[in-house]
Amino acid sequence: MIILSQFYTVAYNGENLYNYKMIVEEKVIIENFRKELIEICNNLDIEREKLRDGTLYMGRLQDNHDFVMKYKEDIGYFVLNGERGLFSMQNGLPTLNKEEAKIILLELEFERGGFRHELRLREKFEKDWSQKYTIEYDSRKAAFEYSIKMLELVFNCFPDSIITKYTNYMNRWFESEQWHYDKNKMTFEKREDRGCPPSPVLPIRR
């Protein structure tokens with residue numbers, strides 16, 4: 001049986017960061033950071049789930065019952081993700097490096113936007129795919145390409161670690177590497193000299 005005290009708890013260096021109360025200066029830092037991220041997403045028109053009235057589902061990067069963004073002077077920026085009261089630290093956080101935190105959080109938004117982008121244009125993507133490939137359509141390709149392109153627009157460089165991560169996702173179901181990322185085309189390209197069976201494609205949600 002789960003004890004109630006285990007809910008709403010993320011222990012870090014012996015402290016429950018979920019219950020950490022930011023001082024005024026820390027609140028200013030995190031709210032300015034949140035505003036900067038939201039403005040970037042809005043300026044790029046990054047798609048997100050919407051309610052029936054057209055408003056964004058749970059807002060964008062706004063604190064809610066499943067998402068908490070905070071700043072603590074000695075550890076920096078951090079985000080807690082939860083479900084039904086059970087929370088965990090966002091991968092890669094906390095960090096004192098603002099640019100590092102910015103890449104981590106924008107990638108999350110861009111990837112979500114990428115899957116919304118793919119869903120909206122799926123008919124076109126499937127048609128283009130059928131003219132080029134014989135294997136089963138993989139919705140992740142367009143979503144990952146979208147995320148990388150948005151990151152390149154913001155940071156004016158290729159995020160190599162993220163490209164590696166997405167490339168590994170694309171090759172997850174194969175015994176040998178079938179996909180590589182072409183930086184010139186800014187797309188994932190299949191290595192045609194390597195045969196492969198159809199893959200059981202499912203979008204990866206972290």
# chains A, B, ... in the order shown; residues from 1 in each chain; ligands from 1
>>> residues_around(residues="region 180-190 of chain A", least_positions_apart="5", cutoff="9 Å", atoms="only C-alpha atoms", output="list in words")
Tyr133, Lys141, Ala142, Phe144, Glu145, Ile148, Lys149, Phe158, Ile163, Thr164, Tyr166, Thr167, Met170 and Asn171 of chain A
>>> write_last_selection(atoms="N, CA, C and O atoms", output="tab-separated table (two decimals), in the first residue's frame")
chain	number	residue	atom	x	y	z
A	133	TYR	N	9.43	5.35	-49.80
A	133	TYR	CA	9.79	4.18	-49.01
A	133	TYR	C	8.77	3.05	-49.19
A	133	TYR	O	7.61	3.29	-49.53
A	141	LYS	N	9.21	10.38	-37.69
A	141	LYS	CA	10.17	11.05	-38.58
A	141	LYS	C	9.85	12.53	-38.72
A	141	LYS	O	10.70	13.40	-38.48
A	142	ALA	N	8.63	12.86	-39.09
A	142	ALA	CA	8.24	14.27	-39.28
A	142	ALA	C	8.28	15.03	-37.96
A	142	ALA	O	8.68	16.19	-37.91
A	144	PHE	N	10.17	14.43	-35.25
A	144	PHE	CA	11.55	14.66	-34.81
A	144	PHE	C	12.23	15.71	-35.68
A	144	PHE	O	12.99	16.55	-35.18
A	145	GLU	N	11.99	15.66	-36.97
A	145	GLU	CA	12.57	16.66	-37.87
A	145	GLU	C	12.08	18.05	-37.51
A	145	GLU	O	12.86	19.02	-37.52
A	148	ILE	N	13.91	19.27	-34.31
A	148	ILE	CA	15.30	19.66	-34.58
A	148	ILE	C	15.35	21.00	-35.32
A	148	ILE	O	16.17	21.86	-35.02
A	149	LYS	N	14.46	21.18	-36.30
A	149	LYS	CA	14.43	22.44	-37.06
A	149	LYS	C	14.12	23.63	-36.16
A	149	LYS	O	14.71	24.70	-36.30
A	158	PHE	N	23.20	22.96	-34.66
A	158	PHE	CA	22.59	21.64	-34.61
A	158	PHE	C	22.83	21.03	-33.24
A	158	PHE	O	23.98	20.88	-32.81
A	163	ILE	N	20.05	15.13	-31.85
A	163	ILE	CA	20.02	14.38	-33.10
A	163	ILE	C	20.37	12.92	-32.86
A	163	ILE	O	19.73	12.01	-33.40
A	164	THR	N	21.37	12.68	-32.03
A	164	THR	CA	21.76	11.30	-31.70
A	164	THR	C	20.61	10.57	-31.02
A	164	THR	O	20.32	9.40	-31.35
A	166	TYR	N	17.33	11.18	-31.21
A	166	TYR	CA	16.24	10.91	-32.15
A	166	TYR	C	16.64	9.84	-33.18
A	166	TYR	O	15.82	9.03	-33.60
A	167	THR	N	17.91	9.86	-33.58
A	167	THR	CA	18.38	8.84	-34.51
A	167	THR	C	18.29	7.45	-33.88
A	167	THR	O	17.90	6.48	-34.53
A	170	MET	N	14.73	6.38	-34.03
A	170	MET	CA	14.35	5.96	-35.38
A	170	MET	C	14.86	4.54	-35.69
A	170	MET	O	14.24	3.80	-36.44
A	171	ASN	N	15.99	4.17	-35.11
A	171	ASN	CA	16.60	2.87	-35.38
A	171	ASN	C	16.27	1.82	-34.32
A	171	ASN	O	16.80	0.70	-34.36
>>> residues_around(residues="region 18-35 of chain A", least_positions_apart="6", cutoff="6 Å", atoms="only C-alpha atoms", output="ChimeraX atom specification")
/A:9-10,71
>>> atom_distance(atom1="CA of Ala143 (chain A)", atom2="CA of Gln90 (chain A)")
20.6 Å
>>> select_by_dssp(residues="region 3-164 of chain A", states="strand (DSSP E)", output="PyMOL selection string")
chain A and resi 11-12+15-16+67-72+76-83+86-89
>>> atom_distance(atom1="CA of Val79 (chain A)", atom2="CA of Lys98 (chain A)")
12.9 Å
>>> closest_residue(among="A:Leu37, A:Leu153, A:Ile46, A:Ala11", to="Gly113 (chain A)", atoms="only C-alpha atoms")
A:Ile46
>>> closest_residue(among="A:Glu192, A:Arg116, A:Leu61, A:Lys50", to="Thr134 (chain A)", atoms="only C-alpha atoms")
A:Glu192
>>> atom_distance(atom1="CA of Ile38 (chain A)", atom2="CA of Leu119 (chain A)")
22.3 Å
>>> closest_residue(among="A:Phe125, A:Tyr169, A:Tyr77, A:Phe115", to="Tyr137 (chain A)", atoms="only C-alpha atoms")
A:Phe125
